[in-house]
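What's in model-v3.csv: CSV, C-alpha atoms
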chain,number,residue,atom,x,y,z
A,1,MET,CA,144.1,166.0,17.7
A,2,SER,CA,147.4,166.9,19.3
A,3,THR,CA,150.4,164.6,19.6
A,4,VAL,CA,151.4,163.2,23.0
A,5,THR,CA,155.1,163.5,23.6
A,6,ARG,CA,156.7,161.8,26.6
A,7,ILE,CA,159.8,163.6,28.0
A,8,LEU,CA,162.4,162.1,30.3
A,9,GLY,CA,164.3,164.7,32.4
A,10,ILE,CA,167.6,163.8,34.0
A,11,ASP,CA,169.5,165.6,36.8
A,12,PRO,CA,172.9,163.8,36.7
A,13,GLY,CA,175.0,163.1,39.7
A,14,LEU,CA,177.5,160.4,40.7
A,15,ARG,CA,175.9,159.7,44.1
A,16,MET,CA,172.4,160.4,43.1
A,17,THR,CA,170.8,160.9,39.7
A,18,GLY,CA,167.3,162.3,39.6
A,19,PHE,CA,164.8,161.4,36.8
A,20,GLY,CA,161.4,162.6,35.9
A,21,VAL,CA,159.0,161.6,33.2
A,22,ILE,CA,156.1,163.8,32.0
A,23,GLU,CA,153.8,163.9,29.0
A,24,MET,CA,153.1,166.9,26.9
A,25,GLN,CA,149.9,167.2,24.8
A,26,GLY,CA,149.5,170.6,23.3
A,27,GLN,CA,150.0,173.0,26.3
A,28,LYS,CA,149.0,170.4,28.9
A,29,LEU,CA,151.6,168.6,31.0
A,30,ARG,CA,150.9,165.3,32.9
A,31,TYR,CA,153.1,163.7,35.5
A,32,ILE,CA,154.1,160.1,34.9
A,33,ALA,CA,156.9,159.2,37.3
A,34,SER,CA,160.0,160.4,39.1
A,35,GLY,CA,162.6,159.1,41.4
A,36,CYS,CA,166.4,158.6,41.9
A,37,ILE,CA,169.1,156.3,40.9
A,38,LYS,CA,171.6,155.8,43.7
A,39,SER,CA,175.1,154.5,43.2
A,40,ASP,CA,177.1,152.7,46.0
A,41,GLY,CA,179.8,155.0,47.3
A,42,ASN,CA,181.8,151.9,48.3
A,43,GLN,CA,182.1,150.7,44.8
A,44,ARG,CA,184.9,151.7,42.3
A,45,LEU,CA,184.1,154.4,39.8
A,46,PRO,CA,183.5,152.1,36.8
A,47,GLU,CA,180.9,150.1,38.7
A,48,ARG,CA,179.2,153.3,39.9
A,49,LEU,CA,179.0,154.6,36.4
A,50,HIS,CA,177.6,151.3,35.2
A,51,THR,CA,174.9,151.6,37.9
A,52,LEU,CA,173.8,155.0,36.4
A,53,TYR,CA,173.9,153.7,32.9
A,54,ALA,CA,171.9,150.5,33.7
A,55,GLY,CA,169.4,152.5,35.8
A,56,ILE,CA,168.7,155.0,33.0
A,57,THR,CA,168.4,152.2,30.5
A,58,GLU,CA,165.8,150.5,32.7
A,59,ILE,CA,163.9,153.7,33.0
A,60,ILE,CA,163.8,154.1,29.3
A,61,GLY,CA,162.6,150.6,28.8
A,62,THR,CA,159.9,151.1,31.5
A,63,TYR,CA,158.5,154.4,30.5
A,64,GLN,CA,159.4,154.6,26.8
A,65,PRO,CA,160.1,158.4,26.5
A,66,ASP,CA,160.3,160.1,23.1
A,67,ILE,CA,163.0,162.6,24.0
A,68,ALA,CA,165.3,163.3,26.9
A,69,ALA,CA,166.3,166.6,28.6
A,70,VAL,CA,169.5,166.7,30.6
A,71,GLU,CA,170.6,169.5,33.0
A,72,GLN,CA,174.1,170.8,32.4
A,73,VAL,CA,175.3,170.6,36.0
A,74,PHE,CA,178.6,172.1,37.2
A,75,SER,CA,180.6,171.7,40.3
A,76,ASN,CA,183.0,174.4,41.6
A,77,VAL,CA,184.0,172.6,44.8
A,78,ASN,CA,187.2,171.2,43.5
A,79,PRO,CA,188.6,169.8,40.2
A,80,GLN,CA,188.1,166.2,41.3
A,81,SER,CA,184.4,166.8,42.0
A,82,THR,CA,184.0,168.4,38.6
A,83,LEU,CA,185.7,165.5,36.9
A,84,LEU,CA,183.5,162.9,38.6
A,85,LEU,CA,180.3,164.9,37.8
A,86,GLY,CA,181.4,165.1,34.2
A,87,GLN,CA,181.8,161.4,34.0
A,88,ALA,CA,178.4,160.8,35.6
A,89,ARG,CA,176.9,163.1,33.0
A,90,GLY,CA,178.7,161.2,30.3
A,91,ALA,CA,177.3,157.9,31.5
A,92,ALA,CA,173.8,159.3,31.6
A,93,ILE,CA,173.9,160.8,28.1
A,94,THR,CA,175.5,157.7,26.7
A,95,ALA,CA,172.7,155.6,28.0
A,96,LEU,CA,170.1,157.9,26.4
A,97,VAL,CA,171.8,158.1,23.0
A,98,ALA,CA,172.4,154.3,23.1
A,99,ARG,CA,168.7,153.8,23.2
A,100,GLY,CA,168.2,156.2,20.2
A,101,LEU,CA,166.7,159.1,22.2
A,102,PRO,CA,167.3,162.7,21.0
A,103,VAL,CA,169.0,164.6,23.8
A,104,SER,CA,168.5,168.3,24.7
A,105,GLU,CA,170.7,170.0,27.3
A,106,TYR,CA,169.8,173.0,29.4
A,107,THR,CA,171.7,175.0,32.0
A,108,ALA,CA,170.4,175.5,35.5
A,109,LEU,CA,169.8,179.1,34.6
A,110,GLN,CA,167.6,178.1,31.6
A,111,VAL,CA,165.6,175.6,33.7
A,112,LYS,CA,165.0,178.1,36.5
A,113,GLN,CA,163.9,180.8,34.1
A,114,SER,CA,161.5,178.5,32.4
A,115,VAL,CA,160.0,177.0,35.5
A,116,VAL,CA,160.1,179.7,38.1
A,117,GLY,CA,160.6,182.9,36.0
A,118,HIS,CA,164.0,183.9,37.1
A,119,GLY,CA,167.5,182.3,37.1
A,120,LYS,CA,168.3,182.8,40.8
A,121,ALA,CA,165.5,180.7,42.2
A,122,ALA,CA,166.2,178.4,45.2
A,123,LYS,CA,165.8,174.7,45.0
A,124,GLN,CA,162.7,174.8,47.1
A,125,GLN,CA,161.1,177.4,44.8
A,126,VAL,CA,161.8,175.0,41.8
A,127,ALA,CA,160.2,172.1,43.7
A,128,HIS,CA,157.2,174.2,44.6
A,129,MET,CA,156.6,175.3,41.0
A,130,VAL,CA,157.1,171.8,39.7
A,131,MET,CA,154.4,170.7,42.2
A,132,ARG,CA,152.0,173.4,40.9
A,133,LEU,CA,152.7,172.9,37.2
A,134,LEU,CA,152.2,169.2,37.4
A,135,THR,CA,149.3,169.4,39.9
A,136,LEU,CA,151.1,167.1,42.4
A,137,PRO,CA,149.8,166.5,46.0
A,138,GLY,CA,153.2,167.5,47.4
A,139,GLU,CA,156.6,168.8,46.6
A,140,PRO,CA,158.9,166.1,45.0
A,141,GLY,CA,162.4,165.4,46.5
A,142,SER,CA,165.2,167.7,45.4
A,143,ASP,CA,166.8,165.5,42.8
A,144,ALA,CA,163.5,164.3,41.3
A,145,ALA,CA,162.2,167.9,41.3
A,146,ASP,CA,165.3,169.1,39.3
A,147,ALA,CA,164.8,166.3,36.8
A,148,LEU,CA,161.1,167.1,36.4
A,149,ALA,CA,162.0,170.8,36.0
A,150,CYS,CA,164.4,170.0,33.2
A,151,ALA,CA,161.6,168.0,31.4
A,152,ILE,CA,159.2,170.9,31.9
A,153,CYS,CA,161.8,173.3,30.6
A,154,HIS,CA,162.0,171.3,27.4
A,155,ALA,CA,158.2,171.2,27.1
A,156,HIS,CA,158.0,175.0,27.6
A,157,GLY,CA,160.6,175.5,24.9
A,158,SER,CA,158.7,173.2,22.5
A,159,GLN,CA,155.6,175.2,23.2
A,160,GLY,CA,157.3,178.6,22.8
A,161,LEU,CA,156.8,179.3,26.5
A,162,GLY,CA,159.3,180.1,29.3
A,163,GLN,CA,162.3,182.3,29.2
A,164,LEU,CA,165.1,180.3,27.7
A,165,ALA,CA,168.3,182.3,27.4
A,166,ALA,CA,169.5,180.1,24.5
A,167,PRO,CA,168.3,176.8,22.9
A,168,GLY,CA,169.7,173.6,24.4
A,169,ARG,CA,172.2,171.7,22.4
A,170,ARG,CA,170.6,168.7,20.7
A,171,GLN,CA,172.1,165.4,19.7
A,172,ARG,CA,170.5,162.5,17.9
A,173,GLY,CA,171.0,159.5,18.3
A,174,GLY,CA,174.0,148.6,39.0
A,175,ARG,CA,170.6,148.8,39.7
A,176,LEU,CA,167.6,151.0,39.7
A,177,LEU,CA,167.1,151.7,43.4
A,178,ALA,CA,164.5,154.4,43.0
A,179,LEU,CA,161.8,152.0,41.9
A,180,ALA,CA,162.6,149.4,44.6
A,181,ASP,CA,163.6,151.4,47.7
A,182,SER,CA,160.9,153.4,49.3
A,183,GLU,CA,163.4,155.7,51.0
A,184,LEU,CA,164.6,156.9,47.7
A,185,LEU,CA,161.3,157.3,46.0
A,186,ASN,CA,159.7,160.6,45.6
A,187,LYS,CA,157.2,161.1,48.4
A,188,VAL,CA,154.6,162.3,45.9
A,189,THR,CA,152.1,159.5,45.3
A,190,VAL,CA,150.3,159.6,41.9
A,191,SER,CA,148.3,156.8,40.5
A,192,GLY,CA,150.6,154.7,38.3
A,193,SER,CA,153.7,156.8,39.2
A,194,THR,CA,155.9,153.9,40.0
A,195,ARG,CA,154.6,151.4,37.6
A,196,ALA,CA,155.1,151.1,33.9
A,197,ALA,CA,152.9,153.7,32.4
A,198,PRO,CA,151.3,152.6,29.1
A,199,ARG,CA,151.5,154.9,26.2
A,200,ARG,CA,148.3,156.7,25.5
A,201,THR,CA,146.8,157.7,22.2
A,202,ALA,CA,145.4,161.1,21.9
A,203,PRO,CA,141.6,161.1,21.5
Turn the structure described in the file into structure tokens.
Amino acid sequence: MSTVTRILGIDPGLRMTGFGVIEMQGQKLRYIASGCIKSDGNQRLPERLHTLYAGITEIIGTYQPDIAAVEQVFSNVNPQSTLLLGQARGAAITALVARGLPVSEYTALQVKQSVVGHGKAAKQQVAHMVMRLLTLPGEPGSDAADALACAICHAHGSQGLGQLAAPGRRQRGGRLLALADSELLNKVTVSGSTRAAPRRTAP
């Protein structure tokens, strides 16, 4: 009897934060849910960060993950964009740690190597491999795909699979629009994907 571990993947961003929830049992992966949390660009920065924090907190309460995997995203556009992205990451990680979740962080290179097999994969390649690995009927949206890929990367690392360049760093420890707005939801439809998924006990 193998243990079932539920993993929450997060692809942080100030405008849009992707999330993906999967279950790992042995070497089997099962899709649970995915989507995006969108902040209002017309709001002040503190309110936007609160939207991300509250959204992730709601996701944790709904899907009850055992561990979180967060992508280490970087922005080279300009110093201001880098600063804002760092604050969004901070809000996301704080929400995870505040709920007592262990957090692992992975670079984009590590995620791509684990999911696709090489670190220069394009976003569409990542989305396609996520679809195949999780047996989805279609490719998820970009932000949700990146979050699911991060969760898969953690699962592969736990299984001794993938090609991680280095282990991720581990720490212990306004509104969730993705679940309410069909325009933001991942186009993939999986039974129970947008409803609270009950925890299952391994047979």
### Summary
Judged by only C-alpha atoms, the minimum distance to Pro140 in chain A among A:Ser34, A:Gln125, A:Gln87, A:Gln43 is found for A:Ser34
## Note on the structure
Separating CA of Thr51 in chain A from CA of Ala108 in chain A, to the nearest tenth of an Å, is a gap of 24.4 Å
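Minimum distance to Gly117 in chain A across A:Arg15, A:Cys153, A:Gln72, A:Glu105 (counting all atoms listed in the file) occurs at A:Cys153.
The residue that comes closest to Arg48 in chain A, out of A:Gln124, A:Thr17, A:Thr135, A:Ser81 and on the basis of all atoms listed in the file, is A:Thr17.
Restricting the calculation to only C-alpha atoms, the smallest distance between Gly61 in chain A and any of A:Leu49, A:Val77, A:Ala98, A:Met24 is found for A:Ala98.
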### Message
As an exercise, work out the distance from CA of Pro12 in chain A to CA of Pro137 in chain A in Å and give it to one decimal place.
### Response
25.0 Å
#### Entry: Val4 in chain A environment, 7 Å, only C-alpha atoms, sequence neighbours closer than 2 positions dropped, as a list in words
Ser2, Arg6, Glu23, Met24, Gln25 and Ala202 of chain A
### Query
Near Val115 in chain A, within 7 Å and counting all atoms listed in the file, which residues show up once chain neighbours fewer than 6 positions away are dropped, as an NGL selection string?
:A and (126 or 129 or 149 or 153 or 162)
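Coordinates place CA of Lys112 in chain A at a distance of 25.1 Å from CA of Val97 in chain A.
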### Residue nearest Ile59 in chain A - candidates A:Leu8, A:Ala91, A:Leu84, A:Ala144, atoms counted: all atoms listed in the file
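When distances to Ile59 in chain A are compared using all atoms listed in the file, the smallest one comes from A:Leu8.
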Residues proximal to (175.8, 165.4, 42.1) were defined as those with any atom within 12 Å of that point in the file's coordinates, counting all atoms listed in the file. Which are they, as a compact mmCIF listing (two decimals) with C-alpha atoms, in the frame of the given file?
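Saved result, selection02.txt, follows:
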# COMPACT_ATOMS: atom_id res chain seq x y z
CA ILE A 10 167.60 163.80 34.00
CA ASP A 11 169.50 165.60 36.80
CA PRO A 12 172.90 163.80 36.70
CA GLY A 13 175.00 163.10 39.70
CA LEU A 14 177.50 160.40 40.70
CA ARG A 15 175.90 159.70 44.10
CA MET A 16 172.40 160.40 43.10
CA THR A 17 170.80 160.90 39.70
CA GLY A 18 167.30 162.30 39.60
CA CYS A 36 166.40 158.60 41.90
CA ILE A 37 169.10 156.30 40.90
CA LYS A 38 171.60 155.80 43.70
CA SER A 39 175.10 154.50 43.20
CA GLU A 71 170.60 169.50 33.00
CA GLN A 72 174.10 170.80 32.40
CA VAL A 73 175.30 170.60 36.00
CA PHE A 74 178.60 172.10 37.20
CA SER A 75 180.60 171.70 40.30
CA ASN A 76 183.00 174.40 41.60
CA VAL A 77 184.00 172.60 44.80
CA SER A 81 184.40 166.80 42.00
CA THR A 82 184.00 168.40 38.60
CA LEU A 83 185.70 165.50 36.90
CA LEU A 84 183.50 162.90 38.60
CA LEU A 85 180.30 164.90 37.80
CA GLY A 86 181.40 165.10 34.20
CA GLN A 87 181.80 161.40 34.00
CA ALA A 88 178.40 160.80 35.60
CA ARG A 89 176.90 163.10 33.00
CA SER A 142 165.20 167.70 45.40
CA ASP A 143 166.80 165.50 42.80
CA ASP A 146 165.30 169.10 39.30
### Task
Rank A:Ile22, A:Ala68, A:Ile32, A:Ala147 by their smallest atom-to-atom distance to Leu101 in chain A, using all atoms listed in the file, and report the top residue only.
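Closest residue, counting all atoms listed in the file: A:Ala68.
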